[in-house]
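Peer 1: Take a look at the following structure, please.
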Amino acid sequence: MLTTKHVRDNIGAIRDSLKKRKSEYPIDELLKLDEELRGLKTKLQQLQARRNRESLEISAAKKRGEDTSGRIAALAGIKGEIEDLEASIPTYDERVNFLLWNMPNVLDESVKYGRDETENIEIRKWGNPSGKSAGGHVDLLENLKLIDIERAAKVAGARFYFLKGDFVLLAKSLERFALDFLAKRGYMPLQPPYLMKREHYRGVTGLGDFEDMLYAVGRPKESKGEEKDEEELFMIATSEHPMAALHAGEVFSAKELPIRYAGISPCFRREAGTHGKDTKGIFRVHQFDKVEQFIFCRQEDSWKMYDEIIANEEEIFQALGIPYRVIEMCTGDIGIVAAKKVDLEGWFPSQQKYREVTSASNCTDWQSLRLDIKYDDKGERKYAHTLNGTAISIERALTVIAENYANADGTISIPDVLVPYMGKSKIG
RNA sequence: GCCGGGAUCGCCUAGUGGUAGGGCGGCAGCCUGCUAAGCUGUUUAGUCAGAAAUGGCUUCCGCGAGUUCGAAUCUCGCUCCCGGCGCCA
């Protein structure tokens, strides 16, 4: 479990990382409250020790048939002191825990400082971006009757879509291609629950995401009288989240690791704070499908796994024949969970720009500390490292494929690797 | 949804108000010439002291309250699992 001991043991690295982020996280408040809290707990424990010792003496005396009423009365006083102390502890505990759970991860040393996404760093490019400025995916797809945005808006509101006809088959072909690709590399296909409890959700992502990213659902509990709380569940924003929680509270043996999963699920996102961005088409939507890589591994292996996940992402886009570049996130765009993060950006001819199509993160022990995911390494309990990375974000991949494979006659060719799944080489 | 049974260390299990015990597995060590066995220790988390080895104390029997000098054990609420009935794509 995540405790302040972890913070005290790593305080140097934590301070350096917060400084680099220019974070306003109140680390000094946390340390001060923690010290006071530990003082109270020490006092409590001393009282408990006395209570336990004297209770035992009472037990022994009773067995000898002695009168113990005097001693029992004396212990009642200690009981009151213990109760008072116990009552004062939760106030501290609550604040300390709030701060702990929302403490940003320690960044990898290689992460560069930057204010926001404009200061991310390009580290690689692949393919030959097309110079031709084809129409955007919206016109292209609507002309072929492959998507229907207007009626989706009627039915569900903005940022929803109907996929139609061959485009549905292309979406399913992409999913199956990605699953097969990962299965060959030892990733177990996994279809998770699409709804998740708060107690696990708060261990996989930062607090801000609850408001900005997640849809919550609830239903009234059966109540016999007065109003009762609603049962609260969150719709998953990515299968990364239930996959991370999958092994919460478990202890692996070191031999079992790494464990690789290929999650497949719809993803639901509120996209709060993105008003006006990418409002057309299916590039940024409230619901999309995604095949996601997730790895639990030993601490010393996580950077090797990080490279593996990124290599998988690149190979998938190379197989699809989509030009891309790899962008390393700067401190201003990385968020609190990851220690290091990259995005793959695919080439969109209509915008003459690279746009995000996948992402990969090494979360080190941020999630496993909060979800209590450990492994036994020669008798020593260690926190596993977790990593996640997109294999294919379906709707975004559909847009970038449509634009790059659009023909002059308005049809769309199918990338060679998908033809066996589609059963045809052209749409339209 | 209803009725019944259950949840104890990584796994299995004993324990009906008075120091949570045993087995298996894991780890460390010892012993032994035979592919393995035996023996000893250790195997929830935290905290205090110490340079450290280590030692003290607290905590842990699904979760949360309550009763009690003292709760795995008694009471109430909740979660999940198993069996049966009902409902159901």
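Residues in the structure tokens are numbered from 1 in each chain, the chains being A, B, ... in the order shown, and ligands are numbered from 1 in the order shown.
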Would you mind listing, as a PyMOL selection string, all residues of chain A that have at least one atom within 7 Å of chain B, where only C-alpha atoms (C1' of nucleotides) are what counts?
Peer 2: chain A and resi 42+45+49+55-56+59+72+75-76+251+378-379
Peer 1: Identify, with DSSP run on backbone atoms, the residues in region 116-254 of chain A assigned to alpha helix (DSSP H), and express the list as a VMD selection string.
Peer 2: chain A and resid 137 to 143 149 to 156 166 to 184 198 to 201 208 to 212 240 to 246
Peer 1: Can you measure CA of Asn120 (chain A) to CA of Val357 (chain A) for me? One decimal in Å is fine.
Peer 2: 15.3 Å
Peer 1: Run DSSP on the backbone of this structure and report the residues of region 164-274 of chain A it assigns to strand (DSSP E or B), as an MDAnalysis selection string.
Peer 2: chainID A and resid 188:190 195:197 216:220 230:235 251:253 259:268
Peer 1: Okay, now the selection with C-alpha atoms, as a PDB file, in the first residue's frame?
Peer 2:
```pdb
ATOM      1  CA  MET A 188      -3.092 -12.422 -23.653  1.00  0.00           C
ATOM      2  CA  PRO A 189      -6.268 -10.983 -25.185  1.00  0.00           C
ATOM      3  CA  LEU A 190      -8.484  -9.579 -22.458  1.00  0.00           C
ATOM      4  CA  LEU A 195     -17.569  -0.082 -15.613  1.00  0.00           C
ATOM      5  CA  MET A 196     -15.368   0.220 -12.560  1.00  0.00           C
ATOM      6  CA  LYS A 197     -15.580   1.097  -8.856  1.00  0.00           C
ATOM      7  CA  ALA A 216     -20.150   8.239 -13.781  1.00  0.00           C
ATOM      8  CA  VAL A 217     -23.265   6.121 -13.576  1.00  0.00           C
ATOM      9  CA  GLY A 218     -25.330   5.310 -10.534  1.00  0.00           C
ATOM     10  CA  ARG A 219     -28.570   3.704  -9.631  1.00  0.00           C
ATOM     11  CA  PRO A 220     -30.595   4.103  -6.464  1.00  0.00           C
ATOM     12  CA  GLU A 230     -26.319   5.783  -5.113  1.00  0.00           C
ATOM     13  CA  GLU A 231     -24.084   2.969  -6.145  1.00  0.00           C
ATOM     14  CA  GLU A 232     -21.408   4.728  -8.134  1.00  0.00           C
ATOM     15  CA  LEU A 233     -19.536   3.228 -11.055  1.00  0.00           C
ATOM     16  CA  PHE A 234     -17.302   4.855 -13.629  1.00  0.00           C
ATOM     17  CA  MET A 235     -17.367   4.053 -17.328  1.00  0.00           C
ATOM     18  CA  VAL A 251       1.327 -10.877  -4.869  1.00  0.00           C
ATOM     19  CA  PHE A 252       3.085 -12.374  -7.884  1.00  0.00           C
ATOM     20  CA  SER A 253       6.138 -14.559  -7.687  1.00  0.00           C
ATOM     21  CA  ILE A 259       2.634 -10.548 -17.623  1.00  0.00           C
ATOM     22  CA  ARG A 260       1.416  -9.064 -20.909  1.00  0.00           C
ATOM     23  CA  TYR A 261      -2.207  -8.322 -21.782  1.00  0.00           C
ATOM     24  CA  ALA A 262      -3.922  -7.081 -24.920  1.00  0.00           C
ATOM     25  CA  GLY A 263      -7.096  -5.387 -23.715  1.00  0.00           C
ATOM     26  CA  ILE A 264      -9.985  -4.631 -26.029  1.00  0.00           C
ATOM     27  CA  SER A 265     -12.865  -2.394 -25.061  1.00  0.00           C
ATOM     28  CA  PRO A 266     -14.890   0.665 -25.871  1.00  0.00           C
ATOM     29  CA  CYS A 267     -13.542   3.811 -24.206  1.00  0.00           C
ATOM     30  CA  PHE A 268     -15.779   6.557 -22.829  1.00  0.00           C
TER      31      PHE A 268
END
```
Peer 1: As a ChimeraX atom specification, please: the residues near C74 (chain B) (cut-off 12 Å, only C-alpha atoms (C1' of nucleotides), same-chain neighbours under 5 positions excluded).
Peer 2: /B:16-17,66-68
Peer 1: May I have the residues from that selection written out with N, CA and C atoms (P, O5', C5', C4', C3', O3' and C1' of nucleotides), as a PDB file, in the first residue's frame?
Peer 2:
```pdb
ATOM      1  P     U B  16     -13.969 -22.446  18.857  1.00  0.00           P
ATOM      2  O5'   U B  16     -14.054 -21.531  20.161  1.00  0.00           O
ATOM      3  C5'   U B  16     -14.123 -20.097  20.121  1.00  0.00           C
ATOM      4  C4'   U B  16     -15.322 -19.639  20.925  1.00  0.00           C
ATOM      5  C3'   U B  16     -15.929 -20.749  21.818  1.00  0.00           C
ATOM      6  O3'   U B  16     -16.280 -20.327  23.152  1.00  0.00           O
ATOM      7  C1'   U B  16     -17.504 -20.062  20.139  1.00  0.00           C
ATOM      8  P     G B  17     -16.763 -19.130  23.839  1.00  0.00           P
ATOM      9  O5'   G B  17     -16.191 -17.666  23.796  1.00  0.00           O
ATOM     10  C5'   G B  17     -15.636 -16.845  22.828  1.00  0.00           C
ATOM     11  C4'   G B  17     -14.639 -15.901  23.424  1.00  0.00           C
ATOM     12  C3'   G B  17     -14.095 -16.218  24.802  1.00  0.00           C
ATOM     13  O3'   G B  17     -12.709 -15.922  24.824  1.00  0.00           O
ATOM     14  C1'   G B  17     -14.813 -13.998  24.749  1.00  0.00           C
ATOM     15  P     G B  66     -17.872   2.732  16.934  1.00  0.00           P
ATOM     16  O5'   G B  66     -18.827   1.745  17.743  1.00  0.00           O
ATOM     17  C5'   G B  66     -20.185   2.113  17.944  1.00  0.00           C
ATOM     18  C4'   G B  66     -20.991   0.940  18.388  1.00  0.00           C
ATOM     19  C3'   G B  66     -20.571   0.290  19.701  1.00  0.00           C
ATOM     20  O3'   G B  66     -20.966   1.041  20.830  1.00  0.00           O
ATOM     21  C1'   G B  66     -21.105  -1.381  18.118  1.00  0.00           C
ATOM     22  P     U B  67     -20.105   1.020  22.157  1.00  0.00           P
ATOM     23  O5'   U B  67     -20.431  -0.422  22.747  1.00  0.00           O
ATOM     24  C5'   U B  67     -21.753  -0.746  23.177  1.00  0.00           C
ATOM     25  C4'   U B  67     -21.804  -2.175  23.657  1.00  0.00           C
ATOM     26  C3'   U B  67     -20.742  -2.547  24.677  1.00  0.00           C
ATOM     27  O3'   U B  67     -21.085  -2.123  25.996  1.00  0.00           O
ATOM     28  C1'   U B  67     -20.868  -4.225  23.017  1.00  0.00           C
ATOM     29  P     U B  68     -19.979  -1.392  26.901  1.00  0.00           P
ATOM     30  O5'   U B  68     -18.915  -2.530  27.158  1.00  0.00           O
ATOM     31  C5'   U B  68     -19.271  -3.685  27.901  1.00  0.00           C
ATOM     32  C4'   U B  68     -18.127  -4.659  27.933  1.00  0.00           C
ATOM     33  C3'   U B  68     -16.789  -4.068  28.360  1.00  0.00           C
ATOM     34  O3'   U B  68     -16.686  -3.957  29.772  1.00  0.00           O
ATOM     35  C1'   U B  68     -16.486  -5.428  26.447  1.00  0.00           C
TER      36        U B  68
END
```
Peer 1: Would you kindly return, as a list in words, each protein, DNA or RNA residue with an atom no farther than 12 Å from any atom of Leu179 (chain A), considering only C-alpha atoms (C1' of nucleotides) and excluding same-chain residues fewer than 4 positions away?
Peer 2: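 Contacts, in chain order: Lys172, Ser173, Leu174, Glu175, Ala183, Lys184, Arg185, Gly186, Tyr187, Met188, Pro189, Leu190, Gln191, Tyr261, Ala262, Gly263, Ile264, Ser265, Lys290, Val291, Glu292, Gln293, Asn312, Ile316, Thr390, Ala391 and Ile392 of chain A.
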Peer 1: In Å, with one decimal, what is the gap from CA of Ser130 (chain A) to CA of Lys145 (chain A)?
Peer 2: 24.7 Å
Peer 1: At a cut-off of 9 Å, using only C-alpha atoms (C1' of nucleotides), what residues contact Gly335 (chain A)? Leave out same-chain residues fewer than 5 positions from it and give the result as number ranges by chain.
Peer 2: A: 104-105, 206
Peer 1: Taking 5 positions as the minimum chain separation for residues in the same chain, which residues sit within 12 Å of C39 (chain B) when counting only C-alpha atoms (C1' of nucleotides)? Answer as a VMD selection string.
Peer 2: chain B and resid 29 to 32
Peer 1: Restricting the calculation to only C-alpha atoms, which member of A:Thr3, A:Ser350, A:Asn97, A:Asn362 is positioned closest to Asn404 (chain A)?
Peer 2: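 Nearest to Asn404 (chain A): A:Ser350.
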Peer 1: Considering only C-alpha atoms (C1' of nucleotides), return as a list in words whatever protein or nucleic-acid residues lie within 9 Å of Met1 (chain A), sequence-local ones (same chain, fewer than 4 positions apart) excluded.
Peer 2: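 Contacts, in chain order: Gly249, Ser368, Leu369, Arg370, Leu371, Asp372 and Ile373 of chain A; A45 of chain B.
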Peer 1: Please compute the C1' of G83 (chain B)-C1' of G62 (chain B) distance, one decimal, in Å.
Peer 2: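 Interatomic distance here is 19.8 Å.
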